[in-house]
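Next up, input_11.cif (mmCIF, C-alpha atoms and all ligand atoms; chains and numbers go by the auth columns):
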data_upload
#
loop_
_atom_site.group_PDB
_atom_site.id
_atom_site.type_symbol
_atom_site.label_atom_id
_atom_site.label_comp_id
_atom_site.label_asym_id
_atom_site.label_seq_id
_atom_site.Cartn_x
_atom_site.Cartn_y
_atom_site.Cartn_z
_atom_site.B_iso_or_equiv
_atom_site.auth_seq_id
_atom_site.auth_asym_id
ATOM 1 C CA MET A 1 -41.982 -30.733 22.824 0.00 508 A
ATOM 2 C CA ALA A 2 -45.779 -30.755 22.814 0.00 509 A
ATOM 3 C CA ASP A 3 -47.480 -34.017 23.705 0.00 510 A
ATOM 4 C CA PRO A 4 -48.979 -35.253 20.359 0.00 511 A
ATOM 5 C CA VAL A 5 -52.093 -36.414 22.187 0.00 512 A
ATOM 6 C CA ASP A 6 -52.837 -32.820 23.289 0.00 513 A
ATOM 7 C CA ASP A 7 -51.569 -31.200 20.125 0.00 514 A
ATOM 8 C CA VAL A 8 -54.534 -30.388 17.861 0.00 515 A
ATOM 9 C CA ASP A 9 -52.204 -29.361 14.989 0.00 516 A
ATOM 10 C CA HIS A 10 -50.797 -32.871 14.964 0.00 517 A
ATOM 11 C CA VAL A 11 -54.034 -34.038 13.321 0.00 518 A
ATOM 12 C CA PHE A 12 -53.657 -31.536 10.470 0.00 519 A
ATOM 13 C CA THR A 13 -49.920 -31.931 9.898 0.00 520 A
ATOM 14 C CA LYS A 14 -50.019 -35.724 9.605 0.00 521 A
ATOM 15 C CA PRO A 15 -52.467 -36.482 6.764 0.00 522 A
ATOM 16 C CA GLU A 16 -50.701 -39.771 6.007 0.00 523 A
ATOM 17 C CA LEU A 17 -51.451 -40.929 9.575 0.00 524 A
ATOM 18 C CA PHE A 18 -55.000 -39.522 9.864 0.00 525 A
ATOM 19 C CA ASN A 19 -56.093 -40.524 6.376 0.00 526 A
ATOM 20 C CA LEU A 20 -59.806 -41.091 6.972 0.00 527 A
ATOM 21 C CA PRO A 21 -62.537 -38.432 7.171 0.00 528 A
ATOM 22 C CA LEU A 22 -64.326 -38.248 10.541 0.00 529 A
ATOM 23 C CA GLN A 23 -67.754 -38.015 8.975 0.00 530 A
ATOM 24 C CA LYS A 24 -69.372 -41.061 7.416 0.00 531 A
ATOM 25 C CA ASN A 25 -69.034 -40.646 3.664 0.00 532 A
ATOM 26 C CA GLU A 26 -72.483 -39.864 2.294 0.00 533 A
ATOM 27 C CA ASP A 27 -71.472 -37.278 -0.252 0.00 534 A
ATOM 28 C CA ARG A 28 -72.800 -38.739 -3.520 0.00 535 A
ATOM 29 C CA ARG A 29 -69.991 -37.206 -5.600 0.00 536 A
ATOM 30 C CA LYS A 30 -67.303 -38.684 -3.331 0.00 537 A
ATOM 31 C CA VAL A 31 -69.014 -42.098 -3.419 0.00 538 A
ATOM 32 C CA ASP A 32 -69.120 -41.942 -7.238 0.00 539 A
ATOM 33 C CA GLU A 33 -65.481 -40.858 -7.350 0.00 540 A
ATOM 34 C CA ASP A 34 -64.459 -43.809 -5.121 0.00 541 A
ATOM 35 C CA ARG A 35 -66.467 -46.142 -7.364 0.00 542 A
ATOM 36 C CA ARG A 36 -64.735 -44.809 -10.494 0.00 543 A
ATOM 37 C CA LYS A 37 -61.329 -45.249 -8.869 0.00 544 A
ATOM 38 C CA VAL A 38 -62.084 -48.863 -7.911 0.00 545 A
ATOM 39 C CA ASP A 39 -63.377 -49.585 -11.438 0.00 546 A
ATOM 40 C CA GLU A 40 -60.173 -48.129 -12.879 0.00 547 A
ATOM 41 C CA ASP A 41 -58.003 -50.191 -10.487 0.00 548 A
ATOM 42 C CA ARG A 42 -59.916 -53.319 -11.450 0.00 549 A
ATOM 43 C CA ARG A 43 -59.488 -52.595 -15.172 0.00 550 A
ATOM 44 C CA ARG A 44 -55.754 -52.121 -14.667 0.00 551 A
ATOM 45 C CA VAL A 45 -55.322 -55.292 -12.561 0.00 552 A
ATOM 46 C CA TYR A 46 -57.357 -57.541 -14.868 0.00 553 A
ATOM 47 C CA SER A 47 -55.732 -56.170 -18.014 0.00 554 A
ATOM 48 C CA ASP A 48 -52.291 -56.624 -16.509 0.00 555 A
ATOM 49 C CA ILE A 49 -52.968 -60.271 -15.594 0.00 556 A
ATOM 50 C CA ILE A 50 -54.525 -61.130 -18.968 0.00 557 A
ATOM 51 C CA VAL A 51 -52.055 -59.236 -21.160 0.00 558 A
ATOM 52 C CA GLN A 52 -49.019 -60.652 -19.339 0.00 559 A
ATOM 53 C CA TYR A 53 -50.479 -64.128 -19.561 0.00 560 A
ATOM 54 C CA ALA A 54 -51.287 -63.773 -23.298 0.00 561 A
ATOM 55 C CA ASN A 55 -47.725 -62.642 -23.992 0.00 562 A
ATOM 56 C CA GLY A 56 -48.499 -61.250 -27.434 0.00 563 A
ATOM 57 C CA ARG A 57 -51.007 -63.941 -28.484 0.00 564 A
ATOM 58 C CA GLN A 58 -54.665 -63.327 -29.374 0.00 565 A
ATOM 59 C CA ILE A 59 -56.808 -65.285 -26.948 0.00 566 A
ATOM 60 C CA ASP A 60 -60.390 -66.441 -26.248 0.00 567 A
ATOM 61 C CA ILE A 61 -61.774 -65.042 -22.993 0.00 568 A
ATOM 62 C CA LEU A 62 -64.866 -66.060 -20.998 0.00 569 A
ATOM 63 C CA GLU A 63 -66.202 -63.932 -18.127 0.00 570 A
ATOM 64 C CA ILE A 64 -68.816 -65.334 -15.736 0.00 571 A
ATOM 65 C CA GLY A 65 -70.640 -62.396 -14.095 0.00 572 A
ATOM 66 C CA VAL A 66 -70.276 -59.298 -16.257 0.00 573 A
ATOM 67 C CA TYR A 67 -72.446 -56.513 -14.770 0.00 574 A
ATOM 68 C CA THR A 68 -71.298 -53.299 -16.585 0.00 575 A
ATOM 69 C CA GLY A 69 -68.557 -54.962 -18.641 0.00 576 A
ATOM 70 C CA ASN A 70 -65.715 -53.266 -16.781 0.00 577 A
ATOM 71 C CA VAL A 71 -63.147 -56.014 -17.497 0.00 578 A
ATOM 72 C CA LEU A 72 -63.799 -55.811 -21.246 0.00 579 A
ATOM 73 C CA LYS A 73 -63.584 -51.989 -21.064 0.00 580 A
ATOM 74 C CA GLY A 74 -60.142 -52.306 -19.481 0.00 581 A
ATOM 75 C CA LEU A 75 -58.821 -54.723 -22.100 0.00 582 A
ATOM 76 C CA LEU A 76 -60.140 -52.568 -24.939 0.00 583 A
ATOM 77 C CA ASN A 77 -58.351 -49.637 -23.384 0.00 584 A
ATOM 78 C CA TYR A 78 -55.032 -51.284 -22.496 0.00 585 A
ATOM 79 C CA SER A 79 -54.566 -53.949 -25.157 0.00 586 A
ATOM 80 C CA PRO A 80 -57.457 -54.557 -27.599 0.00 587 A
ATOM 81 C CA SER A 81 -55.273 -56.752 -29.825 0.00 588 A
ATOM 82 C CA THR A 82 -55.098 -59.376 -27.035 0.00 589 A
ATOM 83 C CA ILE A 83 -58.765 -60.232 -27.615 0.00 590 A
ATOM 84 C CA LYS A 84 -59.539 -62.891 -30.215 0.00 591 A
ATOM 85 C CA THR A 85 -63.032 -63.478 -28.812 0.00 592 A
ATOM 86 C CA TYR A 86 -64.704 -62.211 -25.637 0.00 593 A
ATOM 87 C CA THR A 87 -67.776 -63.961 -24.203 0.00 594 A
ATOM 88 C CA GLY A 88 -69.683 -62.729 -21.149 0.00 595 A
ATOM 89 C CA VAL A 89 -72.322 -64.737 -19.265 0.00 596 A
ATOM 90 C CA ASP A 90 -74.748 -63.028 -16.875 0.00 597 A
ATOM 91 C CA PRO A 91 -78.465 -63.658 -16.283 0.00 598 A
ATOM 92 C CA TYR A 92 -79.307 -60.075 -15.118 0.00 599 A
ATOM 93 C CA ILE A 93 -82.252 -61.455 -13.106 0.00 600 A
ATOM 94 C CA GLY A 94 -82.982 -58.656 -10.634 0.00 601 A
ATOM 95 C CA ASP A 95 -85.824 -60.275 -8.644 0.00 602 A
ATOM 96 C CA GLU A 96 -85.805 -61.881 -5.180 0.00 603 A
ATOM 97 C CA THR A 97 -84.221 -65.075 -6.601 0.00 604 A
ATOM 98 C CA ASP A 98 -81.156 -63.060 -7.656 0.00 605 A
ATOM 99 C CA PRO A 99 -78.123 -63.259 -5.323 0.00 606 A
ATOM 100 C CA TYR A 100 -77.644 -59.498 -5.956 0.00 607 A
ATOM 101 C CA PHE A 101 -81.249 -58.567 -5.070 0.00 608 A
ATOM 102 C CA ARG A 102 -81.143 -55.382 -2.940 0.00 609 A
ATOM 103 C CA SER A 103 -77.433 -54.866 -3.600 0.00 610 A
ATOM 104 C CA TYR A 104 -76.798 -54.283 -7.314 0.00 611 A
ATOM 105 C CA TRP A 105 -80.488 -54.230 -8.047 0.00 612 A
ATOM 106 C CA LYS A 106 -82.443 -52.092 -5.591 0.00 613 A
ATOM 107 C CA SER A 107 -85.384 -54.484 -5.562 0.00 614 A
ATOM 108 C CA GLN A 108 -86.500 -53.558 -9.074 0.00 615 A
ATOM 109 C CA THR A 109 -86.178 -56.082 -11.895 0.00 616 A
ATOM 110 C CA SER A 110 -86.224 -53.163 -14.361 0.00 617 A
ATOM 111 C CA GLU A 111 -82.771 -52.115 -13.140 0.00 618 A
ATOM 112 C CA ALA A 112 -81.281 -55.474 -14.126 0.00 619 A
ATOM 113 C CA GLU A 113 -83.115 -55.248 -17.454 0.00 620 A
ATOM 114 C CA GLN A 114 -81.732 -51.761 -18.139 0.00 621 A
ATOM 115 C CA GLN A 115 -78.211 -52.789 -17.164 0.00 622 A
ATOM 116 C CA TYR A 116 -78.466 -55.826 -19.461 0.00 623 A
ATOM 117 C CA LYS A 117 -79.456 -53.592 -22.383 0.00 624 A
ATOM 118 C CA ARG A 118 -76.607 -51.125 -21.719 0.00 625 A
ATOM 119 C CA THR A 119 -73.999 -53.885 -21.405 0.00 626 A
ATOM 120 C CA ARG A 120 -75.380 -55.701 -24.455 0.00 627 A
ATOM 121 C CA ALA A 121 -75.063 -52.521 -26.545 0.00 628 A
ATOM 122 C CA PHE A 122 -71.469 -52.076 -25.365 0.00 629 A
ATOM 123 C CA PHE A 123 -70.608 -55.719 -26.126 0.00 630 A
ATOM 124 C CA ARG A 124 -72.208 -55.542 -29.600 0.00 631 A
ATOM 125 C CA GLN A 125 -70.282 -52.398 -30.402 0.00 632 A
ATOM 126 C CA HIS A 126 -67.047 -54.319 -29.795 0.00 633 A
ATOM 127 C CA ASN A 127 -68.003 -57.614 -31.398 0.00 634 A
ATOM 128 C CA ALA A 128 -68.189 -59.411 -28.042 0.00 635 A
ATOM 129 C CA ALA A 129 -70.901 -61.927 -27.085 0.00 636 A
ATOM 130 C CA LEU A 130 -73.115 -61.335 -24.038 0.00 637 A
ATOM 131 C CA ILE A 131 -75.120 -64.434 -23.129 0.00 638 A
ATOM 132 C CA ARG A 132 -78.037 -63.849 -20.798 0.00 639 A
ATOM 133 C CA LYS A 133 -77.937 -67.104 -18.859 0.00 640 A
ATOM 134 C CA LYS A 134 -76.978 -68.446 -15.472 0.00 641 A
ATOM 135 C CA SER A 135 -73.462 -69.854 -15.604 0.00 642 A
ATOM 136 C CA GLU A 136 -74.611 -73.414 -14.877 0.00 643 A
ATOM 137 C CA ASP A 137 -76.988 -73.352 -17.854 0.00 644 A
ATOM 138 C CA PHE A 138 -74.286 -71.849 -20.033 0.00 645 A
ATOM 139 C CA PHE A 139 -71.650 -74.432 -19.056 0.00 646 A
ATOM 140 C CA GLU A 140 -74.114 -77.274 -19.534 0.00 647 A
ATOM 141 C CA ALA A 141 -74.838 -76.228 -23.118 0.00 648 A
ATOM 142 C CA SER A 142 -71.400 -74.972 -24.203 0.00 649 A
ATOM 143 C CA GLN A 143 -68.691 -77.037 -25.909 0.00 650 A
ATOM 144 C CA TYR A 144 -66.247 -74.167 -26.439 0.00 651 A
ATOM 145 C CA MET A 145 -62.805 -74.020 -24.861 0.00 652 A
ATOM 146 C CA TYR A 146 -61.123 -70.798 -23.697 0.00 653 A
ATOM 147 C CA ASP A 147 -57.664 -69.475 -22.887 0.00 654 A
ATOM 148 C CA VAL A 148 -58.887 -67.395 -19.941 0.00 655 A
ATOM 149 C CA VAL A 149 -61.971 -67.995 -17.766 0.00 656 A
ATOM 150 C CA ILE A 150 -62.921 -65.371 -15.155 0.00 657 A
ATOM 151 C CA ILE A 151 -65.248 -66.405 -12.311 0.00 658 A
ATOM 152 C CA ASP A 152 -67.156 -63.459 -10.805 0.00 659 A
ATOM 153 C CA GLY A 153 -70.852 -64.464 -10.831 0.00 660 A
ATOM 154 C CA ASP A 154 -72.975 -65.892 -8.000 0.00 661 A
ATOM 155 C CA HIS A 155 -70.776 -65.557 -4.894 0.00 662 A
ATOM 156 C CA ARG A 156 -72.515 -68.192 -2.761 0.00 663 A
ATOM 157 C CA LEU A 157 -70.579 -71.339 -1.781 0.00 664 A
ATOM 158 C CA GLN A 158 -71.996 -74.028 -4.075 0.00 665 A
ATOM 159 C CA PRO A 159 -72.398 -71.821 -7.178 0.00 666 A
ATOM 160 C CA THR A 160 -68.802 -70.582 -6.796 0.00 667 A
ATOM 161 C CA ILE A 161 -67.406 -74.110 -6.459 0.00 668 A
ATOM 162 C CA LYS A 162 -69.457 -75.250 -9.465 0.00 669 A
ATOM 163 C CA ASP A 163 -68.247 -72.278 -11.532 0.00 670 A
ATOM 164 C CA LEU A 164 -64.604 -72.963 -10.622 0.00 671 A
ATOM 165 C CA ARG A 165 -64.934 -76.642 -11.601 0.00 672 A
ATOM 166 C CA ALA A 166 -66.799 -75.871 -14.827 0.00 673 A
ATOM 167 C CA GLY A 167 -64.379 -73.019 -15.622 0.00 674 A
ATOM 168 C CA LEU A 168 -61.445 -75.408 -15.253 0.00 675 A
ATOM 169 C CA ASN A 169 -63.140 -77.899 -17.616 0.00 676 A
ATOM 170 C CA ALA A 170 -63.743 -75.171 -20.189 0.00 677 A
ATOM 171 C CA LEU A 171 -60.049 -74.188 -20.239 0.00 678 A
ATOM 172 C CA ARG A 172 -57.561 -75.295 -22.869 0.00 679 A
ATOM 173 C CA PRO A 173 -54.358 -76.879 -21.540 0.00 680 A
ATOM 174 C CA GLY A 174 -52.130 -74.010 -20.385 0.00 681 A
ATOM 175 C CA GLY A 175 -55.219 -71.788 -19.911 0.00 682 A
ATOM 176 C CA LEU A 176 -55.730 -69.367 -17.037 0.00 683 A
ATOM 177 C CA LEU A 177 -58.549 -69.656 -14.470 0.00 684 A
ATOM 178 C CA VAL A 178 -59.137 -66.349 -12.647 0.00 685 A
ATOM 179 C CA CYS A 179 -61.326 -65.926 -9.561 0.00 686 A
ATOM 180 C CA ASP A 180 -62.435 -62.595 -8.098 0.00 687 A
ATOM 181 C CA ASP A 181 -63.253 -61.776 -4.470 0.00 688 A
ATOM 182 C CA TYR A 182 -61.043 -64.225 -2.616 0.00 689 A
ATOM 183 C CA GLY A 183 -60.560 -62.817 0.907 0.00 690 A
ATOM 184 C CA ASN A 184 -63.294 -60.195 0.456 0.00 691 A
ATOM 185 C CA SER A 185 -64.938 -59.985 3.889 0.00 692 A
ATOM 186 C CA ASP A 186 -68.235 -59.110 2.175 0.00 693 A
ATOM 187 C CA THR A 187 -68.216 -62.441 0.267 0.00 694 A
ATOM 188 C CA PRO A 188 -66.814 -65.056 2.698 0.00 695 A
ATOM 189 C CA GLU A 189 -68.332 -67.962 0.763 0.00 696 A
ATOM 190 C CA VAL A 190 -66.047 -67.238 -2.194 0.00 697 A
ATOM 191 C CA THR A 191 -63.042 -67.637 0.097 0.00 698 A
ATOM 192 C CA ARG A 192 -64.379 -70.968 1.380 0.00 699 A
ATOM 193 C CA ALA A 193 -65.140 -72.132 -2.151 0.00 700 A
ATOM 194 C CA VAL A 194 -61.618 -71.247 -3.353 0.00 701 A
ATOM 195 C CA CYS A 195 -60.009 -73.128 -0.443 0.00 702 A
ATOM 196 C CA LYS A 196 -62.119 -76.204 -1.180 0.00 703 A
ATOM 197 C CA PHE A 197 -61.415 -75.961 -4.902 0.00 704 A
ATOM 198 C CA VAL A 198 -57.647 -75.647 -4.349 0.00 705 A
ATOM 199 C CA ASP A 199 -57.729 -78.759 -2.125 0.00 706 A
ATOM 200 C CA GLU A 200 -59.428 -80.831 -4.787 0.00 707 A
ATOM 201 C CA ALA A 201 -57.896 -79.381 -7.977 0.00 708 A
ATOM 202 C CA SER A 202 -54.334 -78.355 -7.142 0.00 709 A
ATOM 203 C CA GLU A 203 -52.964 -81.264 -9.234 0.00 710 A
ATOM 204 C CA SER A 204 -54.514 -79.661 -12.307 0.00 711 A
ATOM 205 C CA PHE A 205 -52.331 -76.513 -12.104 0.00 712 A
ATOM 206 C CA ASP A 206 -48.670 -75.795 -12.670 0.00 713 A
ATOM 207 C CA ALA A 207 -48.568 -72.114 -11.627 0.00 714 A
ATOM 208 C CA SER A 208 -50.673 -69.612 -9.700 0.00 715 A
ATOM 209 C CA GLY A 209 -50.630 -66.005 -8.594 0.00 716 A
ATOM 210 C CA TYR A 210 -52.654 -63.211 -7.019 0.00 717 A
ATOM 211 C CA ARG A 211 -53.290 -59.462 -7.116 0.00 718 A
ATOM 212 C CA PRO A 212 -54.855 -57.485 -4.285 0.00 719 A
ATOM 213 C CA ILE A 213 -57.411 -54.741 -4.938 0.00 720 A
ATOM 214 C CA TRP A 214 -58.402 -52.163 -2.309 0.00 721 A
ATOM 215 C CA PHE A 215 -61.922 -50.807 -2.340 0.00 722 A
ATOM 216 C CA VAL A 216 -64.316 -48.873 -0.125 0.00 723 A
ATOM 217 C CA ASN A 217 -68.019 -49.630 -0.052 0.00 724 A
ATOM 218 C CA ALA A 218 -70.508 -46.760 -0.017 0.00 725 A
ATOM 219 C CA GLY A 219 -71.219 -45.611 3.545 0.00 726 A
ATOM 220 C CA LYS A 220 -68.472 -47.779 5.108 0.00 727 A
ATOM 221 C CA PRO A 221 -65.818 -46.180 7.336 0.00 728 A
ATOM 222 C CA ALA A 222 -62.627 -47.632 5.782 0.00 729 A
ATOM 223 C CA PRO A 223 -61.328 -49.452 2.693 0.00 730 A
ATOM 224 C CA ILE A 224 -60.988 -53.237 2.638 0.00 731 A
ATOM 225 C CA GLN A 225 -59.197 -55.600 0.278 0.00 732 A
ATOM 226 C CA LEU A 226 -60.093 -58.433 -2.043 0.00 733 A
ATOM 227 C CA THR A 227 -57.705 -60.744 -3.858 0.00 734 A
ATOM 228 C CA VAL A 228 -57.891 -61.801 -7.487 0.00 735 A
ATOM 229 C CA ILE A 229 -56.396 -65.311 -7.548 0.00 736 A
ATOM 230 C CA TYR A 230 -55.471 -67.259 -10.689 0.00 737 A
ATOM 231 C CA TRP A 231 -54.094 -70.641 -11.725 0.00 738 A
ATOM 232 C CA ARG A 232 -52.550 -71.946 -14.947 0.00 739 A
ATOM 233 C CA LYS A 233 -53.951 -75.290 -16.095 0.00 740 A
ATOM 234 C CA LYS A 234 -51.287 -77.954 -16.642 0.00 741 A
ATOM 235 C CA VAL A 235 -50.390 -78.700 -20.238 0.00 742 A
ATOM 236 C CA ASP A 236 -49.719 -82.439 -19.571 0.00 743 A
HETATM 237 C C1 LIG B . -69.605 -58.843 -9.105 0.00 801 B
HETATM 238 S S1 LIG B . -70.630 -58.630 -10.527 0.00 801 B
HETATM 239 C C2 LIG B . -69.526 -58.883 -11.850 0.00 801 B
HETATM 240 C C3 LIG B . -68.527 -57.764 -12.007 0.00 801 B
HETATM 241 C C4 LIG B . -67.640 -57.860 -13.223 0.00 801 B
HETATM 242 N N1 LIG B . -66.996 -59.174 -13.346 0.00 801 B
HETATM 243 C C5 LIG B . -66.565 -56.790 -13.136 0.00 801 B
HETATM 244 O O1 LIG B . -65.392 -57.119 -12.833 0.00 801 B
HETATM 245 O O2 LIG B . -66.902 -55.618 -13.348 0.00 801 B
HETATM 246 C C6 LIG B . -71.581 -60.072 -10.427 0.00 801 B
HETATM 247 C C7 LIG B . -72.522 -60.327 -11.606 0.00 801 B
HETATM 248 O O3 LIG B . -72.849 -61.725 -11.537 0.00 801 B
HETATM 249 C C8 LIG B . -74.114 -61.888 -12.071 0.00 801 B
HETATM 250 N N2 LIG B . -74.659 -63.195 -11.686 0.00 801 B
HETATM 251 C C9 LIG B . -75.483 -63.515 -10.667 0.00 801 B
HETATM 252 N N3 LIG B . -75.787 -64.811 -10.685 0.00 801 B
HETATM 253 C C10 LIG B . -75.109 -65.356 -11.726 0.00 801 B
HETATM 254 C C11 LIG B . -75.025 -66.660 -12.289 0.00 801 B
HETATM 255 N N4 LIG B . -75.704 -67.701 -11.762 0.00 801 B
HETATM 256 N N5 LIG B . -74.251 -66.842 -13.387 0.00 801 B
HETATM 257 C C12 LIG B . -73.580 -65.814 -13.939 0.00 801 B
HETATM 258 N N6 LIG B . -73.619 -64.545 -13.463 0.00 801 B
HETATM 259 C C13 LIG B . -74.385 -64.328 -12.365 0.00 801 B
HETATM 260 C C14 LIG B . -74.912 -60.690 -11.556 0.00 801 B
HETATM 261 O O4 LIG B . -76.040 -60.437 -12.385 0.00 801 B
HETATM 262 C C15 LIG B . -73.847 -59.580 -11.583 0.00 801 B
HETATM 263 O O5 LIG B . -73.970 -58.779 -12.736 0.00 801 B
#
Using C-alpha cells, write down the structure that the file contains.
Amino acid sequence: MADPVDDVDHVFTKPELFNLPLQKNEDRRKVDEDRRKVDEDRRRVYSDIIVQYANGRQIDILEIGVYTGNVLKGLLNYSPSTIKTYTGVDPYIGDETDPYFRSYWKSQTSEAEQQYKRTRAFFRQHNAALIRKKSEDFFEASQYMYDVVIIDGDHRLQPTIKDLRAGLNALRPGGLLVCDDYGNSDTPEVTRAVCKFVDEASESFDASGYRPIWFVNAGKPAPIQLTVIYWRKKVD
C-alpha cells in the first residue's frame, strides 16, 4: 500500500478531506457565490426560527440593523403570512463615525446612502417600515411592543448590551429576542455583551435556543461560524 503522505493521487481522491482550495480566494465570482450562499443560509435560519416561533400566528417583528433587508426577504419567500408588521431600524451613516466604516461602506458615505435607498424601496414595496435612526434614538422614542426583536446593529460592547436590554423591554410577554453574531470571532464584543446580558436578564426568560451559521469572509482561507441565539420572554 502506498504511503498516503507520498501519494499525490490521495489529494485528488479525497475531496471531502482536502476541501479547501490552495490559492487564496480572490475570484470575484466565487466570492459573490459564497456571499449568496451565506445570505440564503441566513434567510433559511431566520425564517425557520421566526415561523416556528409564530406557530401560525401573524406577528409584529422589529429588526435592529437591516443592511440589505435579507431577513425580510427570507420571510417573504418562506412564509409571508407570518408577518403582521415588519419594522427595520438602521441609520445607514457611512462616515468615520459609523461602526461599519471601511467594512460595509468602503469609506464613502454615498454607499450607505445608496444602500438606504435600495432597502427603503424594497421595504415600501412590501408595506414594511424602514426607520433611518440609530437604535438608541429609536428605542427612546418608540412605545410599540413586538413579538420578535432581532438585534444585529452596532456590534460594539456597550451598544450591543443596550440593544439587548431595550429589545427585551420592547417585547410583549412571550415574545422572542434574537441576537446575531454570538461566537463570531470577527465580532468578539457581541459575545461578551451576550454573556453579560444573560447574567443579568436570565430571570426574564423561560426558554432559549440557538442556530449556527457557517460563513466565509472574502479573502479568508477557511469558513468560520457564528451563532444566532434567542430567548423567549416570560409570560408571568
Ligand atoms: C450586520 S448588518 C445587518 C444585517 C442584517 N440584519 C441581515 O441579517 O442581513 C449591520 C447593520 O447595522 C447598522 N447599524 C450600525 N449602527 C447601528 C445602530 N446604532 N443602530 C441600528 N443599526 C445600526 C449598519 O448600518 C448595518 O447596516
Applied to this file, what does the PyMOL selection byres (((chain A and resi 576) around 12) and not hetatm) return in terms of residues, put as a JSON list (two decimals) with C-alpha atoms, in the frame of the given file?
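Output contents, as saved in expr.json:
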[["chain", "number", "residue", "atom", "x", "y", "z"],
["A", 546, "ASP", "CA", -63.38, -49.58, -11.44],
["A", 549, "ARG", "CA", -59.92, -53.32, -11.45],
["A", 550, "ARG", "CA", -59.49, -52.60, -15.17],
["A", 569, "LEU", "CA", -64.87, -66.06, -21.00],
["A", 570, "GLU", "CA", -66.20, -63.93, -18.13],
["A", 571, "ILE", "CA", -68.82, -65.33, -15.74],
["A", 572, "GLY", "CA", -70.64, -62.40, -14.10],
["A", 573, "VAL", "CA", -70.28, -59.30, -16.26],
["A", 574, "TYR", "CA", -72.45, -56.51, -14.77],
["A", 575, "THR", "CA", -71.30, -53.30, -16.58],
["A", 577, "ASN", "CA", -65.72, -53.27, -16.78],
["A", 578, "VAL", "CA", -63.15, -56.01, -17.50],
["A", 579, "LEU", "CA", -63.80, -55.81, -21.25],
["A", 580, "LYS", "CA", -63.58, -51.99, -21.06],
["A", 581, "GLY", "CA", -60.14, -52.31, -19.48],
["A", 582, "LEU", "CA", -58.82, -54.72, -22.10],
["A", 583, "LEU", "CA", -60.14, -52.57, -24.94],
["A", 593, "TYR", "CA", -64.70, -62.21, -25.64],
["A", 594, "THR", "CA", -67.78, -63.96, -24.20],
["A", 595, "GLY", "CA", -69.68, -62.73, -21.15],
["A", 596, "VAL", "CA", -72.32, -64.74, -19.26],
["A", 597, "ASP", "CA", -74.75, -63.03, -16.88],
["A", 622, "GLN", "CA", -78.21, -52.79, -17.16],
["A", 623, "TYR", "CA", -78.47, -55.83, -19.46],
["A", 624, "LYS", "CA", -79.46, -53.59, -22.38],
["A", 625, "ARG", "CA", -76.61, -51.12, -21.72],
["A", 626, "THR", "CA", -74.00, -53.88, -21.40],
["A", 627, "ARG", "CA", -75.38, -55.70, -24.46],
["A", 628, "ALA", "CA", -75.06, -52.52, -26.54],
["A", 629, "PHE", "CA", -71.47, -52.08, -25.36],
["A", 630, "PHE", "CA", -70.61, -55.72, -26.13],
["A", 631, "ARG", "CA", -72.21, -55.54, -29.60],
["A", 633, "HIS", "CA", -67.05, -54.32, -29.80],
["A", 635, "ALA", "CA", -68.19, -59.41, -28.04],
["A", 636, "ALA", "CA", -70.90, -61.93, -27.08],
["A", 637, "LEU", "CA", -73.11, -61.34, -24.04],
["A", 659, "ASP", "CA", -67.16, -63.46, -10.80]]
Measuring between all atoms listed in the file, which one of A:Phe645, A:Val697, A:Tyr585, A:Arg609 shows the shortest distance to Ile557 of chain A? A:Tyr585
Closest of A:Arg551, A:Lys537, A:Leu524, A:Leu671 to Glu707 of chain A - atom-to-atom distances counting only C-alpha atoms: A:Leu671
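Pairwise distance (atom CA of Phe722 of chain A, atom CA of Ser709 of chain A) equals 29.0 Å.
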I'd like the residues picked by the PyMOL selection byres (((chain A and resi 724) around 10) and not hetatm) written out as a short mmCIF file (atom, residue, chain, number, x, y, z; two decimals) with C-alpha atoms, keeping the file's coordinate frame, using the chain letters and numbers from the file.
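This went into out.cif:
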data_model
loop_
_atom_site.label_atom_id
_atom_site.label_comp_id
_atom_site.auth_asym_id
_atom_site.auth_seq_id
_atom_site.Cartn_x
_atom_site.Cartn_y
_atom_site.Cartn_z
CA ASN A 532 -69.03 -40.65 3.66
CA VAL A 538 -69.01 -42.10 -3.42
CA ASP A 541 -64.46 -43.81 -5.12
CA ARG A 542 -66.47 -46.14 -7.36
CA VAL A 545 -62.08 -48.86 -7.91
CA ASP A 693 -68.24 -59.11 2.17
CA PHE A 722 -61.92 -50.81 -2.34
CA VAL A 723 -64.32 -48.87 -0.12
CA ALA A 725 -70.51 -46.76 -0.02
CA GLY A 726 -71.22 -45.61 3.54
CA LYS A 727 -68.47 -47.78 5.11
CA PRO A 728 -65.82 -46.18 7.34
CA ALA A 729 -62.63 -47.63 5.78
CA PRO A 730 -61.33 -49.45 2.69
CA ILE A 731 -60.99 -53.24 2.64
#
Centre, edges in Å (one decimal): axis-aligned box, ligand LIG 801 (chain B), 5 Å padding on all six sides, as AutoDock Vina command-line options:
--center_x -70.7 --center_y -61.7 --center_z -11.5 --size_x 20.6 --size_y 22.1 --size_z 14.8
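Computed from the coordinates, the atom CA of Cys686 of chain A to atom CA of Asp602 of chain A distance equals 25.2 Å.
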Using all atoms listed in the file, can you tell me which of A:Arg639, A:Lys544, A:Lys741, A:Lys703 comes closest to ligand LIG 801 (chain B)?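 Using all atoms listed in the file, ligand LIG 801 (chain B) sits closest to A:Arg639.
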Å distance separating atom CA of Val685 of chain A from atom CA of Phe646 of chain A, one decimal place: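 Calculated distance between atom CA of Val685 of chain A and atom CA of Phe646 of chain A is 16.2 Å.
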At a cut-off of 8 Å, using all atoms listed in the file, what residues contact Ile600 of chain A? Leave out same-chain residues fewer than 3 positions from it and give the result as a list in words.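 Near neighbours after the sequence-gap exclusion: Thr604, Asp605, Thr616, Ala619 and Glu620 of chain A.
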Pick from A:Leu527, A:Val558, A:Cys702, A:Val735, whichever lies nearest to ligand LIG 801 (chain B) using only C-alpha atoms and all ligand atoms: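 Counting only C-alpha atoms and all ligand atoms, the residue closest to ligand LIG 801 (chain B) is A:Val735.
The residues returned by the PyMOL selection byres (((chain A and resi 568) around 8) and not hetatm) on the shown structure are Ile566, Asp567, Leu569, Glu570, Ile590, Lys591, Thr592, Tyr593, Thr594, Tyr653, Asp654, Val655, Val656 and Ile657 of chain A.
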Pick from A:Lys613, A:Arg679, A:Arg535, A:His662 nearest to ligand LIG 801 (chain B), counting all atoms listed in the file: A:His662
Counting all atoms listed in the file, which residue out of A:Arg672, A:Lys641, A:Lys740, A:Arg718 sits closest to Pro606 of chain A? A:Lys641
